[in-house]
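For reference, final.csv (CSV, C-alpha atoms):
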```csv
chain,number,residue,atom,x,y,z
V,1,MET,CA,2.9,-9.4,-44.8
V,2,GLN,CA,5.4,-6.8,-43.7
V,3,LYS,CA,8.6,-8.3,-42.3
V,4,VAL,CA,8.8,-5.7,-39.4
V,5,GLN,CA,5.7,-4.5,-37.6
V,6,THR,CA,4.9,-2.9,-34.3
V,7,GLY,CA,2.3,-4.1,-31.7
V,8,ARG,CA,1.2,-4.1,-28.1
V,9,VAL,CA,1.9,-6.9,-25.6
V,10,ILE,CA,-1.5,-8.1,-24.3
V,11,GLU,CA,-0.5,-11.4,-22.6
V,12,PHE,CA,2.8,-12.5,-21.2
V,13,TYR,CA,3.9,-16.1,-20.5
V,14,SER,CA,7.2,-17.5,-19.4
V,15,ASN,CA,9.0,-17.2,-22.7
V,16,THR,CA,6.5,-16.0,-25.2
V,17,CYS,CA,4.0,-13.1,-25.6
V,18,LEU,CA,0.7,-12.5,-27.3
V,19,VAL,CA,0.9,-9.3,-29.2
V,20,ASP,CA,-1.9,-7.2,-30.7
V,21,ILE,CA,-0.9,-6.0,-34.2
V,22,ASP,CA,-3.7,-3.9,-35.7
V,23,GLY,CA,-6.4,-5.9,-34.0
V,24,LEU,CA,-4.8,-9.3,-34.7
V,25,ALA,CA,-3.5,-11.4,-31.8
V,26,VAL,CA,-0.1,-12.8,-32.8
V,27,GLN,CA,2.0,-15.3,-30.8
V,28,CYS,CA,5.6,-14.1,-30.5
V,29,ALA,CA,8.8,-15.4,-29.2
V,30,ILE,CA,11.2,-13.0,-27.5
V,31,PHE,CA,14.7,-12.4,-28.9
V,32,GLY,CA,17.4,-12.5,-26.3
V,33,LYS,CA,17.0,-11.6,-22.6
V,34,GLN,CA,14.7,-8.6,-23.0
V,35,ASP,CA,12.6,-7.3,-20.2
V,36,ILE,CA,9.2,-7.5,-21.8
V,37,VAL,CA,5.9,-7.0,-19.8
V,38,VAL,CA,2.2,-6.6,-20.6
V,39,GLY,CA,1.6,-3.1,-22.0
V,40,ASP,CA,4.9,-2.8,-23.8
V,41,ASN,CA,4.9,-1.5,-27.3
V,42,VAL,CA,7.2,-3.8,-29.3
V,43,ASN,CA,8.8,-4.2,-32.7
V,44,ILE,CA,8.1,-7.5,-34.3
V,45,GLU,CA,10.1,-9.2,-37.1
V,46,TYR,CA,8.9,-12.2,-39.0
V,47,GLN,CA,11.6,-14.7,-39.6
V,48,ASN,CA,9.6,-16.2,-42.5
V,49,GLN,CA,7.4,-13.7,-44.3
V,50,ASN,CA,5.0,-16.5,-45.3
V,51,ASP,CA,4.7,-17.9,-41.8
V,52,PRO,CA,2.7,-15.9,-39.2
V,53,LYS,CA,4.0,-18.2,-36.5
V,54,SER,CA,7.6,-17.0,-37.0
V,55,ALA,CA,7.0,-13.7,-35.3
V,56,LEU,CA,9.9,-12.6,-33.0
V,57,ILE,CA,10.0,-9.6,-30.7
V,58,ILE,CA,13.3,-7.9,-31.6
V,59,SER,CA,13.0,-4.8,-29.3
V,60,LYS,CA,10.6,-2.8,-27.2
V,61,GLN,CA,9.8,0.9,-27.6
V,62,GLU,CA,10.4,3.5,-24.9
V,63,ARG,CA,7.9,3.3,-22.0
V,64,THR,CA,5.8,6.2,-20.9
V,65,SER,CA,5.6,4.6,-17.4
V,66,GLU,CA,6.5,1.5,-15.5
V,67,LEU,CA,4.5,0.0,-12.6
V,68,THR,CA,7.3,-1.4,-10.5
V,69,LYS,CA,7.2,-3.4,-7.3
V,70,ARG,CA,10.3,-2.2,-5.5
V,71,SER,CA,12.0,-3.5,-2.4
V,72,ILE,CA,15.4,-3.4,-0.9
V,73,ARG,CA,16.2,-6.7,-2.6
V,74,GLY,CA,15.5,-5.2,-6.1
V,75,SER,CA,12.7,-4.2,-8.3
V,76,LYS,CA,10.4,-5.8,-10.8
V,77,VAL,CA,8.4,-4.1,-13.6
V,78,VAL,CA,4.9,-5.5,-13.5
V,79,ALA,CA,3.3,-3.6,-16.4
V,80,ALA,CA,4.2,-0.8,-18.8
V,81,ASN,CA,2.6,2.3,-20.3
V,82,ILE,CA,-0.1,2.6,-17.6
V,83,SER,CA,-1.7,5.9,-17.1
V,84,HIS,CA,-3.9,5.2,-14.0
V,85,VAL,CA,-4.1,2.9,-11.0
V,86,GLY,CA,-7.6,2.1,-9.6
V,87,ILE,CA,-7.3,1.3,-5.9
V,88,LEU,CA,-10.2,-0.9,-4.8
V,89,LEU,CA,-11.5,0.1,-1.3
V,90,VAL,CA,-14.0,-2.2,0.5
V,91,GLN,CA,-15.2,-2.5,4.0
V,92,ASN,CA,-15.1,-6.3,4.2
V,93,PRO,CA,-12.4,-7.5,4.1
V,94,THR,CA,-11.3,-4.1,5.4
V,95,THR,CA,-9.0,-2.1,3.2
V,96,SER,CA,-6.5,-0.3,5.4
V,97,THR,CA,-5.5,3.3,4.9
V,98,GLU,CA,-1.9,2.1,4.9
V,99,PHE,CA,-2.7,-0.1,1.8
V,100,ILE,CA,-4.3,2.9,0.1
V,101,ASP,CA,-1.5,5.4,1.0
V,102,LYS,CA,1.2,2.9,-0.2
V,103,TRP,CA,-0.4,2.6,-3.6
V,104,ILE,CA,-0.9,6.4,-3.9
V,105,ALA,CA,2.8,7.0,-3.1
V,106,SER,CA,4.0,4.2,-5.4
V,107,SER,CA,1.7,5.2,-8.3
V,108,LYS,CA,2.9,8.8,-8.1
V,109,ALA,CA,6.5,7.7,-7.9
V,110,SER,CA,5.9,5.8,-11.2
V,111,ASN,CA,4.3,8.8,-12.9
V,112,ILE,CA,0.9,7.1,-12.8
V,113,LYS,CA,-2.3,8.7,-11.5
V,114,PRO,CA,-4.1,6.9,-8.7
V,115,PHE,CA,-7.9,6.9,-8.1
V,116,ILE,CA,-10.1,5.0,-5.8
V,117,ILE,CA,-13.0,2.6,-6.5
V,118,ASN,CA,-15.2,2.3,-3.5
V,119,ASN,CA,-16.6,-1.2,-4.2
V,120,LYS,CA,-19.5,-3.2,-2.8
V,121,ILE,CA,-21.7,-0.2,-2.0
V,122,ASP,CA,-24.6,-2.6,-2.1
V,123,ILE,CA,-23.6,-3.5,1.5
V,124,GLU,CA,-24.5,-0.9,4.2
V,125,MET,CA,-21.5,1.3,5.0
V,126,PRO,CA,-20.9,2.4,8.6
V,127,SER,CA,-20.0,6.0,9.4
V,128,ASP,CA,-16.4,5.3,10.2
V,129,TYR,CA,-15.9,3.7,6.8
V,130,LEU,CA,-17.6,6.6,5.0
V,131,GLU,CA,-15.2,8.9,6.9
V,132,LYS,CA,-12.3,6.9,5.6
V,133,VAL,CA,-13.6,7.3,2.0
V,134,ALA,CA,-14.2,11.0,2.5
V,135,LEU,CA,-10.7,11.8,3.6
V,136,TYR,CA,-9.4,10.9,0.1
V,137,ASN,CA,-11.9,13.2,-1.5
V,138,ASN,CA,-10.4,16.0,0.6
V,139,ILE,CA,-7.0,15.5,-1.1
V,140,ASP,CA,-8.4,15.5,-4.6
V,141,ILE,CA,-8.3,11.8,-5.3
V,142,GLU,CA,-11.0,10.8,-7.7
V,143,ILE,CA,-13.5,8.4,-6.1
V,144,PHE,CA,-16.1,6.1,-7.8
V,145,ASN,CA,-18.8,4.4,-5.8
V,146,VAL,CA,-19.7,1.1,-7.4
V,147,SER,CA,-21.1,-2.3,-6.9
V,148,ALA,CA,-19.5,-4.6,-9.4
V,149,LYS,CA,-21.9,-7.4,-8.2
V,150,GLU,CA,-25.0,-5.3,-8.8
V,151,ASN,CA,-23.7,-3.3,-11.8
V,152,THR,CA,-24.1,0.0,-9.8
V,153,GLY,CA,-22.0,3.0,-10.8
V,154,LEU,CA,-20.2,1.2,-13.6
V,155,LYS,CA,-21.4,3.7,-16.3
V,156,ASP,CA,-19.6,6.6,-14.6
V,157,LEU,CA,-16.5,4.5,-14.1
V,158,THR,CA,-16.5,3.3,-17.7
V,159,LYS,CA,-16.7,6.9,-18.9
V,160,TYR,CA,-13.7,7.8,-16.7
V,161,LEU,CA,-11.7,5.0,-18.1
V,162,GLU,CA,-11.9,6.2,-21.7
V,163,ASN,CA,-8.6,7.0,-23.3
V,164,LYS,CA,-6.7,5.6,-20.3
V,165,CYS,CA,-4.7,2.4,-19.6
V,166,THR,CA,-5.7,1.3,-16.1
V,167,ILE,CA,-4.7,-1.4,-13.7
V,168,PHE,CA,-6.8,-2.3,-10.7
V,169,VAL,CA,-5.2,-3.2,-7.4
V,170,GLY,CA,-6.9,-4.5,-4.2
V,171,ASN,CA,-6.6,-6.9,-1.4
V,172,SER,CA,-7.9,-10.5,-1.8
V,173,GLY,CA,-11.7,-10.3,-1.6
V,174,ALA,CA,-11.9,-6.7,-2.9
V,175,GLY,CA,-13.8,-7.8,-6.0
V,176,LYS,CA,-11.1,-7.0,-8.6
V,177,SER,CA,-11.8,-10.1,-10.8
V,178,THR,CA,-15.6,-9.4,-10.7
V,179,LEU,CA,-15.1,-5.7,-11.6
V,180,THR,CA,-12.7,-6.6,-14.4
V,181,SER,CA,-15.1,-9.2,-15.7
V,182,LYS,CA,-18.0,-6.8,-15.7
V,183,LEU,CA,-16.1,-4.1,-17.5
V,184,THR,CA,-14.5,-6.4,-20.1
V,185,GLY,CA,-17.4,-8.8,-20.6
V,186,ILE,CA,-14.9,-11.7,-20.0
V,187,ASP,CA,-15.1,-14.2,-17.2
V,188,ILE,CA,-11.6,-13.5,-15.8
V,189,LYS,CA,-11.6,-16.5,-13.5
V,190,THR,CA,-12.1,-19.0,-16.2
V,191,LYS,CA,-10.5,-17.3,-19.2
V,192,THR,CA,-8.9,-19.6,-21.7
V,193,LEU,CA,-5.3,-18.7,-22.4
V,194,SER,CA,-4.4,-17.7,-25.9
V,195,ASN,CA,-1.4,-19.9,-26.1
V,196,ASN,CA,-3.5,-23.1,-25.4
V,197,GLN,CA,-2.2,-23.6,-21.9
V,198,GLY,CA,-5.7,-24.4,-20.7
V,199,ARG,CA,-7.9,-22.6,-18.2
V,200,HIS,CA,-6.6,-20.7,-15.2
V,201,THR,CA,-7.6,-18.6,-12.3
V,202,THR,CA,-6.2,-15.2,-13.0
V,203,SER,CA,-2.6,-16.4,-13.1
V,204,ILE,CA,-1.5,-14.6,-16.3
V,205,SER,CA,-1.2,-10.8,-16.8
V,206,SER,CA,-3.5,-9.6,-19.6
V,207,LEU,CA,-4.3,-6.4,-21.3
V,208,TYR,CA,-7.9,-5.9,-22.6
V,209,MET,CA,-8.6,-3.4,-25.3
V,210,LEU,CA,-12.2,-2.1,-25.2
V,211,PRO,CA,-14.2,0.5,-27.2
V,212,HIS,CA,-13.5,4.2,-26.6
V,213,ASN,CA,-9.8,3.5,-26.2
V,214,ILE,CA,-10.3,1.9,-22.8
V,215,GLU,CA,-7.4,-0.4,-21.8
V,216,ILE,CA,-7.5,-2.5,-18.7
V,217,ILE,CA,-4.6,-4.5,-17.4
V,218,ASP,CA,-5.4,-7.5,-15.2
V,219,SER,CA,-2.3,-8.6,-13.3
V,220,PRO,CA,-3.2,-11.1,-10.6
V,221,GLY,CA,0.2,-10.9,-8.8
V,222,VAL,CA,-0.3,-7.2,-8.0
V,223,ARG,CA,-1.9,-6.8,-4.6
V,224,ASP,CA,0.2,-5.2,-1.9
V,225,VAL,CA,3.3,-3.2,-2.6
V,226,PRO,CA,6.3,-2.7,-0.4
V,227,ILE,CA,7.1,0.8,0.7
V,228,GLU,CA,10.8,0.0,1.3
V,229,GLY,CA,11.7,0.5,-2.4
V,230,LEU,CA,10.7,4.2,-2.4
V,231,SER,CA,13.0,7.1,-1.6
V,232,LYS,CA,12.3,9.7,1.1
V,233,GLU,CA,11.4,12.2,-1.6
V,234,GLU,CA,9.0,9.8,-3.3
V,235,ILE,CA,7.2,9.1,-0.1
V,236,ILE,CA,6.9,12.9,0.7
V,237,TYR,CA,5.5,13.5,-2.8
V,238,GLY,CA,2.9,10.7,-2.2
V,239,PHE,CA,1.6,12.8,0.7
V,240,TYR,CA,1.2,16.0,-1.3
V,241,GLU,CA,-0.9,17.9,1.3
V,242,ILE,CA,1.8,17.3,3.9
V,243,TYR,CA,4.5,18.3,1.5
V,244,GLU,CA,2.7,21.6,0.7
V,245,SER,CA,2.1,22.3,4.3
V,246,SER,CA,5.8,21.6,5.2
V,247,LYS,CA,6.9,24.5,2.9
V,248,LEU,CA,5.7,26.9,5.7
V,249,CYS,CA,7.7,25.1,8.5
V,250,LYS,CA,10.2,27.4,10.2
V,251,PHE,CA,13.1,25.1,9.5
V,252,SER,CA,13.8,23.1,6.2
V,253,ASN,CA,14.9,20.0,8.2
V,254,CYS,CA,11.7,19.9,10.3
V,255,ASN,CA,10.8,16.3,11.1
V,256,HIS,CA,7.1,17.1,11.6
V,257,LYS,CA,7.0,15.4,15.0
V,258,GLY,CA,6.6,18.5,17.1
V,259,ASP,CA,9.7,20.6,16.1
V,260,GLU,CA,9.6,24.3,16.8
V,261,GLY,CA,7.9,26.2,14.0
V,262,CYS,CA,6.3,23.1,12.4
V,263,ASN,CA,3.4,24.0,10.2
V,264,VAL,CA,2.2,20.4,9.7
V,265,ILE,CA,1.2,19.5,13.3
V,266,PRO,CA,-1.2,22.5,13.7
V,267,MET,CA,-2.9,21.6,10.5
V,268,ILE,CA,-3.5,18.1,11.8
V,269,ASN,CA,-4.8,19.5,15.0
V,270,ASN,CA,-7.4,21.7,13.3
V,271,GLY,CA,-8.4,18.9,10.9
V,272,GLU,CA,-6.9,20.3,7.7
V,273,ILE,CA,-4.6,17.3,7.3
V,274,SER,CA,-5.9,13.8,8.0
V,275,LYS,CA,-4.3,12.2,11.2
V,276,SER,CA,-4.5,8.8,9.4
V,277,ARG,CA,-2.5,10.1,6.5
V,278,TYR,CA,0.0,11.8,8.8
V,279,ASN,CA,0.5,8.6,10.8
V,280,ASN,CA,1.1,6.6,7.6
V,281,PHE,CA,3.5,9.3,6.4
V,282,ILE,CA,5.6,9.1,9.5
V,283,LYS,CA,5.4,5.2,9.5
V,284,PHE,CA,6.6,5.0,5.9
V,285,LEU,CA,9.5,7.3,6.5
V,286,GLU,CA,10.6,5.4,9.6
V,287,GLN,CA,10.4,2.1,7.7
V,288,ILE,CA,12.8,3.2,5.0
V,289,SER,CA,15.2,4.9,7.6
V,290,ASP,CA,15.4,1.6,9.4
V,291,GLU,CA,16.6,-0.3,6.4
```
Could you quickly redo this structure as structure tokens?
Amino acid sequence: MQKVQTGRVIEFYSNTCLVDIDGLAVQCAIFGKQDIVVGDNVNIEYQNQNDPKSALIISKQERTSELTKRSIRGSKVVAANISHVGILLVQNPTTSTEFIDKWIASSKASNIKPFIINNKIDIEMPSDYLEKVALYNNIDIEIFNVSAKENTGLKDLTKYLENKCTIFVGNSGAGKSTLTSKLTGIDIKTKTLSNNQGRHTTSISSLYMLPHNIEIIDSPGVRDVPIEGLSKEEIIYGFYEIYESSKLCKFSNCNHKGDEGCNVIPMINNGEISKSRYNNFIKFLEQISDE
């Protein structure tokens, strides 16, 4: 047994982690007050080379990305080294465009690519709901139409997930646990914890490594995300179509609320920019300016 090895954190508890080391799940303590989260690549040192239970995380490697819940009171890293965020969109309970747009902006601010999973397509979808889905197609957000319950559309989604590390986000009732269970083959709601803490209902963050280099992170505490922790520049970048349009505004300090020479408002009026996206854009900017 090598004294020092590297691995990937696949489960995180209060003071210990489960780390995948070349396909072997190893229980590890954490040295010092390190900020370790699911998805981290870590360096492991065995305190006793003959005792696999003596593994200790001595350091973490540089992260390619951090999914962070930020607010005016501080920030908390939820998971690391994620490449994609799958935003679950359902008609009942209704997923608001505000929820979707917050996640798009937050994902891009964290250097993570967002895409949409239109779930529960086995239920008839009214025209206004279909219009809401379509507006994201118009801004080049990848959309997958699935029914996790009926196994519809999962083949295309699975193909897309290859060579990616993805976390799913959605409001309560969006079907995140059902979708994760179908993709991983594990009943997420009754999964036995690897550190013998019993059974739980999605209360522990876990990373699942699947064939074709598919990695799925299930983090039950990740639902809504505050917009207040984002900067003005990050919000603007999250509404890329508005940002691109604003380059043709007459004045660089245009507030896009009817200023002379504004290029954004005419594009909203002729349908080139979604009014819903514009309303959320203005709302988010006003929220951070009020803080």
Polymer residues at most 10 Å from Phe12 in chain V, all atoms listed in the file, same-chain spacing of 6 or more positions, as a list in words: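 So the residues in contact are Leu18, Val19, Cys28, Ile36, Val37, Val38, Gly39, Asn195, Ile204, Ser205, Ser206 and Leu207 of chain V.
Of the residues listed (V:Ser54, V:Ser14, V:Asn151, V:Ser83), V:Asn151 shows the shortest atom-to-atom separation from Lys182 in chain V; distances use only C-alpha atoms.
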Gap from CA of Gly7 in chain V to CA of Arg63 in chain V - Å, one decimal: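 Distance reported for this atom pair: 13.4 Å.
CA of Ile273 in chain V is found 27.9 Å from CA of Lys69 in chain V.
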Residue contacts of Thr68 in chain V (6 Å, only C-alpha atoms) excluding same-chain residues fewer than 3 positions away, as a VMD selection string: chain V and resid 76 to 78
Gap from CA of Val146 in chain V to CA of Asp122 in chain V - Å, one decimal: 8.1 Å
